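Colleague: Take a look at this one; I'll ask things after.
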Amino acid sequence: MTKKQEIINAFDPNGIGKTDNIFALPFDEKTADLILIPVPWEVTVSYEAGTAQGPQHILEASSQVDLYQKDIIAAWKMGIQMLPINQDLLTKSNKHRIMAEEYIGLLESGEEKTEQGKNLLKKVNSVCAEMVEWVKSESLKQLDKHKLLGLVGGDHSTPLGAVQAIATKHESFGVLQIDAHMDFRKAYENFEYSHASISYNMLQTIPQIEKMVQVGIRDFCEEEIKFAEKQGERVSVFYDDDIKVGMFEGESWTIICDRIIKELPNEVYITFDIDGLRPELCPNTGTPVPGGISYSEIIYLLTRLVKNGKKIIGFDLNEVAPGENTDWNGNVGARILFRLCNLMGVSQGKLEWDESF
C-alpha cells in the first residue's frame with residue numbers, strides 16, 4: 001500500500017479537519033497531485049490594499065469547505081497541498097508597497113522624474129521582476145515533478161511567472177480570464193509588473209498563448225480597447241454589459257457559455273480575478289466594480305468548460321482580500337478555489353465525473 005493510500009484510508013472526509021493544510025486535507029507535497037503556490041504580494045495595487053493577505057485568508061476559511069462534490073467521485077482523494085506562505089516575500093511586498101505609494105504620490109504631483117522618483121521606480125520594478133522570477137522558478141519545480149499547478153495571490157501581477165513556466169511545457173494554449181478589468185495597460189503608473197498590466201505582459205512575453213478570452217469585463221480605458229483590437233483574433237472579449245443585454249433579451253447562460261468556450265483551444269489556463277464576480281461576493285477586493293458574474297454562473301461556466309473536453313493546464317485565483325471582522329471574501333474564494341482544483345483534476349484524468357448526477 002502506498003503512503004497516499006494509507007493517508008486516504010485514515011482520513012475521515014466527513015469529520016473535523018485536523019491539519020493546517022488547505023481545506024484541512026491530510027496530504028503533503030509528496031502525496032498531493034495538485035500543488036498550490038501562495039504568493040502574498042500587492043506592491044503595485046492602485047486602490048485598496050489587503051490582497052497580500054489573500055492566501056492566508058483563503059487558507060483559514062478553507063477548513064469550512066465541505067469536501068463532497070456531488071458530480072465528481074471522491075474529489076478530495078486527488079490530494080491538494082498548499083505550500084507554506086513565504087513570509088520573506090510578504091515582508092518584501094509590505095516594504096516596497098510603501099515605496100510604490102511614495103512614487104504614486106510623486107506621479108500625481110508631476111515629480112516622478114526627480115532623482116527620488118527615479119530611484120523609487122527602479123526599486124519597485126526590480127523587486128517585482130524578482131517576484132516574477134521566483135514564481136516561475138517555484139512553478140517549474142512542481143511542473144518538473146509532474147504536479148498539477150495552481151497559484152493563489154496576491155494581486156493580479158502574481159501569476160505571470162507561473163504562466164511563463166507552464167509555457168515551457170506547452171507549445172500552444174489559451175487563457176480564460178475572469179475579470180472586471182482587461183489589464184491591458186502597458187506599465188500602469190510606470191510599474192512594469194503592475195496588477196493592471198498582467199494580461200498585456202502575458203501576451204507580450206508568452207508567444208505560446210494562442211488565444212486569450214476575457215469574461216466579465218466592465219472597467220477599461222481607451223488604450224486597452226485599442227490594444228485588444230490590435231491583437232485581432234488572438235483576443236476575444238465578452239463584455240459584462242453585452243452578456244447582460246443578451247440575457248435580458250432572452251439568451252440563455254448556456255448559449256453564452258458555449259460561445260465563450262468555442263473561442264478557446266483544447267488546453268486552457270484560467271486566470272481568475274475575484275473582482276470578475278459581483279461585488280457582493282468580493283466587497284473587499286482591491287478594485288470592486290458594479291455588475292459582474294454570480295457564483296452559480298461562474299461555477300456553471302467552469303464546469304461546462306471541462307465537460308466540453310477542455311483541459312485545464314493551470315490556474316490562478318487572485319485579488320481576494322480580508323475584510324474587517326469578516327471572512328466572507330475568503331469563504332467565497334475558498335469555494336471557488338476548491339472547484340477549480342477539482343475541475344482541473346477531472347480534465348487531467350485524476351478524477352472522474354459521477355454520472356449518476
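In the C-alpha cells, each chain is lettered A, B, ... as it comes, each chain's residues begin at 1, and ligands are numbered from 1 in order of appearance.
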So which residues touch Ile225 (chain A) within 12 Å, counting only C-alpha atoms, skipping near sequence neighbours fewer than 3 positions away, as a PyMOL selection string?
Modeller: chain A and resi 181-185+200+217-222+228-232+235-237+239
Colleague: Please report as CSV every residue of region 5-74 of chain A lying within 9 Å of region 274-296 of chain A, along with the nearest atom pair and their distance in Å (one decimal), using only C-alpha atoms.
Modeller:
residue,atom,partner,partner_atom,distance
A:Val45,CA,A:Gly286,CA,7.2
A:Ser46,CA,A:Gly286,CA,7.9
A:Tyr47,CA,A:Gly286,CA,5.9
A:Glu48,CA,A:Gly286,CA,4.5
A:Ala49,CA,A:Gly286,CA,5.9
A:Gly50,CA,A:Gly286,CA,7.3
A:Thr51,CA,A:Thr285,CA,7.0
Colleague: Restricting the calculation to only C-alpha atoms, which member of A:Met212, A:Leu343, A:Val39, A:Ile260 is positioned closest to Thr158 (chain A)?
Modeller: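 Result for the nearest residue to Thr158 (chain A): A:Val39.
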Colleague: Could you give me, as a PyMOL selection string, the residues within 9 Å of Thr31 (chain A), counting only C-alpha atoms and dropping anything in the same chain fewer than 6 positions from it?
Modeller: chain A and resi 3-4+7+79-81
Colleague: Mind the document's chain letters and residue numbers, and return as a PDB file with N, CA, C and O atoms, in the first residue's frame the residues of region 137-262 of chain A that DSSP labels strand (DSSP E).
Modeller:
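Saved the output as states33.pdb:
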ATOM      1  N   LEU A 148       0.192  18.875 -10.843  1.00  0.00           N
ATOM      2  CA  LEU A 148      -0.734  19.882 -11.328  1.00  0.00           C
ATOM      3  C   LEU A 148      -0.473  21.160 -10.540  1.00  0.00           C
ATOM      4  O   LEU A 148      -0.104  21.110  -9.368  1.00  0.00           O
ATOM      5  N   LEU A 149      -0.712  22.319 -11.180  1.00  0.00           N
ATOM      6  CA  LEU A 149      -0.271  23.576 -10.583  1.00  0.00           C
ATOM      7  C   LEU A 149      -1.378  24.615 -10.527  1.00  0.00           C
ATOM      8  O   LEU A 149      -2.079  24.865 -11.509  1.00  0.00           O
ATOM      9  N   GLY A 150      -1.525  25.218  -9.353  1.00  0.00           N
ATOM     10  CA  GLY A 150      -2.394  26.373  -9.182  1.00  0.00           C
ATOM     11  C   GLY A 150      -1.660  27.423  -8.370  1.00  0.00           C
ATOM     12  O   GLY A 150      -0.712  27.112  -7.643  1.00  0.00           O
ATOM     13  N   LEU A 151      -2.071  28.668  -8.505  1.00  0.00           N
ATOM     14  CA  LEU A 151      -1.438  29.766  -7.771  1.00  0.00           C
ATOM     15  C   LEU A 151      -2.520  30.547  -7.036  1.00  0.00           C
ATOM     16  O   LEU A 151      -3.602  30.787  -7.570  1.00  0.00           O
ATOM     17  N   VAL A 152      -2.197  30.961  -5.813  1.00  0.00           N
ATOM     18  CA  VAL A 152      -3.121  31.758  -5.008  1.00  0.00           C
ATOM     19  C   VAL A 152      -2.468  33.088  -4.682  1.00  0.00           C
ATOM     20  O   VAL A 152      -1.462  33.142  -3.973  1.00  0.00           O
ATOM     21  N   GLY A 153      -3.012  34.174  -5.267  1.00  0.00           N
ATOM     22  CA  GLY A 153      -2.479  35.512  -4.999  1.00  0.00           C
ATOM     23  C   GLY A 153      -3.136  36.102  -3.774  1.00  0.00           C
ATOM     24  O   GLY A 153      -4.073  35.519  -3.219  1.00  0.00           O
ATOM     25  N   PHE A 173      -1.529  27.231 -26.125  1.00  0.00           N
ATOM     26  CA  PHE A 173      -2.678  27.092 -25.234  1.00  0.00           C
ATOM     27  C   PHE A 173      -3.457  28.402 -25.188  1.00  0.00           C
ATOM     28  O   PHE A 173      -3.019  29.438 -25.696  1.00  0.00           O
ATOM     29  N   GLY A 174      -4.635  28.326 -24.591  1.00  0.00           N
ATOM     30  CA  GLY A 174      -5.463  29.509 -24.434  1.00  0.00           C
ATOM     31  C   GLY A 174      -5.494  29.966 -22.989  1.00  0.00           C
ATOM     32  O   GLY A 174      -5.151  29.214 -22.075  1.00  0.00           O
ATOM     33  N   VAL A 175      -5.910  31.209 -22.788  1.00  0.00           N
ATOM     34  CA  VAL A 175      -6.088  31.762 -21.450  1.00  0.00           C
ATOM     35  C   VAL A 175      -7.535  32.223 -21.314  1.00  0.00           C
ATOM     36  O   VAL A 175      -8.027  33.012 -22.134  1.00  0.00           O
ATOM     37  N   LEU A 176      -8.219  31.715 -20.318  1.00  0.00           N
ATOM     38  CA  LEU A 176      -9.544  32.193 -19.962  1.00  0.00           C
ATOM     39  C   LEU A 176      -9.388  33.129 -18.767  1.00  0.00           C
ATOM     40  O   LEU A 176      -8.957  32.697 -17.698  1.00  0.00           O
ATOM     41  N   GLN A 177      -9.710  34.393 -18.962  1.00  0.00           N
ATOM     42  CA  GLN A 177      -9.562  35.397 -17.913  1.00  0.00           C
ATOM     43  C   GLN A 177     -10.928  35.821 -17.395  1.00  0.00           C
ATOM     44  O   GLN A 177     -11.749  36.349 -18.137  1.00  0.00           O
ATOM     45  N   ILE A 178     -11.168  35.573 -16.113  1.00  0.00           N
ATOM     46  CA  ILE A 178     -12.369  36.053 -15.434  1.00  0.00           C
ATOM     47  C   ILE A 178     -11.982  37.318 -14.692  1.00  0.00           C
ATOM     48  O   ILE A 178     -11.131  37.284 -13.800  1.00  0.00           O
ATOM     49  N   ILE A 209       0.739  31.609 -25.978  1.00  0.00           N
ATOM     50  CA  ILE A 209      -0.682  31.915 -25.794  1.00  0.00           C
ATOM     51  C   ILE A 209      -1.280  32.228 -27.158  1.00  0.00           C
ATOM     52  O   ILE A 209      -1.040  33.283 -27.740  1.00  0.00           O
ATOM     53  N   GLU A 210      -2.064  31.287 -27.670  1.00  0.00           N
ATOM     54  CA  GLU A 210      -2.661  31.489 -28.994  1.00  0.00           C
ATOM     55  C   GLU A 210      -3.965  32.263 -28.923  1.00  0.00           C
ATOM     56  O   GLU A 210      -4.372  32.912 -29.891  1.00  0.00           O
ATOM     57  N   LYS A 211      -4.627  32.207 -27.759  1.00  0.00           N
ATOM     58  CA  LYS A 211      -5.909  32.905 -27.626  1.00  0.00           C
ATOM     59  C   LYS A 211      -6.142  33.293 -26.178  1.00  0.00           C
ATOM     60  O   LYS A 211      -5.917  32.501 -25.266  1.00  0.00           O
ATOM     61  N   MET A 212      -6.576  34.536 -25.960  1.00  0.00           N
ATOM     62  CA  MET A 212      -6.996  34.997 -24.641  1.00  0.00           C
ATOM     63  C   MET A 212      -8.467  35.389 -24.741  1.00  0.00           C
ATOM     64  O   MET A 212      -8.856  36.195 -25.585  1.00  0.00           O
ATOM     65  N   VAL A 213      -9.272  34.793 -23.869  1.00  0.00           N
ATOM     66  CA  VAL A 213     -10.696  35.082 -23.828  1.00  0.00           C
ATOM     67  C   VAL A 213     -11.021  35.703 -22.477  1.00  0.00           C
ATOM     68  O   VAL A 213     -10.802  35.082 -21.430  1.00  0.00           O
ATOM     69  N   GLN A 214     -11.518  36.926 -22.501  1.00  0.00           N
ATOM     70  CA  GLN A 214     -11.821  37.657 -21.278  1.00  0.00           C
ATOM     71  C   GLN A 214     -13.331  37.689 -21.058  1.00  0.00           C
ATOM     72  O   GLN A 214     -14.092  37.977 -21.969  1.00  0.00           O
ATOM     73  N   VAL A 215     -13.747  37.425 -19.816  1.00  0.00           N
ATOM     74  CA  VAL A 215     -15.173  37.343 -19.489  1.00  0.00           C
ATOM     75  C   VAL A 215     -15.471  38.194 -18.253  1.00  0.00           C
ATOM     76  O   VAL A 215     -14.750  38.109 -17.243  1.00  0.00           O
ATOM     77  N   GLY A 216     -16.525  38.992 -18.340  1.00  0.00           N
ATOM     78  CA  GLY A 216     -16.946  39.824 -17.208  1.00  0.00           C
ATOM     79  C   GLY A 216     -16.409  41.236 -17.243  1.00  0.00           C
ATOM     80  O   GLY A 216     -16.598  42.004 -16.299  1.00  0.00           O
ATOM     81  N   ILE A 217     -15.742  41.602 -18.333  1.00  0.00           N
ATOM     82  CA  ILE A 217     -15.051  42.889 -18.435  1.00  0.00           C
ATOM     83  C   ILE A 217     -16.064  44.037 -18.408  1.00  0.00           C
ATOM     84  O   ILE A 217     -17.036  44.045 -19.159  1.00  0.00           O
ATOM     85  N   VAL A 235      -7.388  37.805 -29.284  1.00  0.00           N
ATOM     86  CA  VAL A 235      -8.131  38.219 -28.094  1.00  0.00           C
ATOM     87  C   VAL A 235      -9.616  38.294 -28.406  1.00  0.00           C
ATOM     88  O   VAL A 235     -10.019  38.877 -29.415  1.00  0.00           O
ATOM     89  N   SER A 236     -10.429  37.683 -27.547  1.00  0.00           N
ATOM     90  CA  SER A 236     -11.886  37.826 -27.606  1.00  0.00           C
ATOM     91  C   SER A 236     -12.366  38.329 -26.251  1.00  0.00           C
ATOM     92  O   SER A 236     -11.980  37.782 -25.211  1.00  0.00           O
ATOM     93  N   VAL A 237     -13.188  39.377 -26.271  1.00  0.00           N
ATOM     94  CA  VAL A 237     -13.666  39.982 -25.035  1.00  0.00           C
ATOM     95  C   VAL A 237     -15.179  39.828 -24.942  1.00  0.00           C
ATOM     96  O   VAL A 237     -15.916  40.227 -25.843  1.00  0.00           O
ATOM     97  N   PHE A 238     -15.634  39.238 -23.845  1.00  0.00           N
ATOM     98  CA  PHE A 238     -17.059  39.131 -23.553  1.00  0.00           C
ATOM     99  C   PHE A 238     -17.379  40.156 -22.465  1.00  0.00           C
ATOM    100  O   PHE A 238     -17.218  39.896 -21.282  1.00  0.00           O
ATOM    101  N   TYR A 239     -17.780  41.325 -22.932  1.00  0.00           N
ATOM    102  CA  TYR A 239     -18.066  42.423 -22.012  1.00  0.00           C
ATOM    103  C   TYR A 239     -19.285  42.107 -21.157  1.00  0.00           C
ATOM    104  O   TYR A 239     -20.263  41.522 -21.629  1.00  0.00           O
TER     105      TYR A 239
END
Colleague: Just the helix (DSSP H, G or I) stuff from region 115-311 of chain A, please, per backbone DSSP, written as an MDAnalysis selection string.
Modeller: chainID A and resid 115:144 160:167 188:190 195:205 222:230 232:234 240:248 253:262 274:276 279:281 295:307
Colleague: Find the spatial neighbours of region 108-112 of chain A, counting only C-alpha atoms, within a cut-off of 12 Å - ignore same-chain residues fewer than 6 positions away - and output them as a ChimeraX atom specification.
Modeller: /A:100-102,118-122,189-190
Colleague: Taking only C-alpha atoms into account, name the residue in A:Val245, A:Ile35, A:Ile98, A:Leu25 that is nearest to Trp76 (chain A).
Modeller: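 Counting only C-alpha atoms, the residue closest to Trp76 (chain A) is A:Leu25.
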Colleague: From the set A:Asp28, A:Asp71, A:Asp316, A:Glu42, which residue has the shortest atom-to-atom contact distance to Gly154 (chain A), counting only C-alpha atoms?
Modeller: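 Closest to Gly154 (chain A) of all the choices is A:Glu42.
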Colleague: Could you pull the residues within 12 Å of Lys311 (chain A), counting only C-alpha atoms, minus those fewer than 4 positions along the same chain, as a ChimeraX atom specification?
Modeller: /A:148,173-176,261,264-270,302-307,315,340,343-350
Colleague: Just to confirm, what's the straight-line distance from CA of Asn342 (chain A) to CA of Leu34 (chain A) in Å (one decimal)?
Modeller: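 Between CA of Asn342 (chain A) and CA of Leu34 (chain A) the gap works out to 9.4 Å.
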Colleague: Which polymer residues have any atom within 9 Å of an atom of Leu89 (chain A), counting only C-alpha atoms, with same-chain residues fewer than 5 positions away left out, as a ChimeraX atom specification?
Modeller: /A:39-41,94,131
Colleague: In Å, rounded to a single decimal, give me how far CA of His156 (chain A) is from CA of Leu351 (chain A).
Modeller: 28.6 Å
Colleague: Just checking: using only C-alpha atoms, which residue out of A:Ile16, A:Ile256, A:Leu160, A:Ala334 ends up closest to Ser194 (chain A)?
Modeller: A:Leu160
Colleague: Check the smallest atom-to-atom distance from each of A:Ala187, A:Val127, A:Met202, A:Val332 to Gln164 (chain A) using only C-alpha atoms, then report the winner.
Modeller: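 Smallest distance to Gln164 (chain A) is found for A:Met202.
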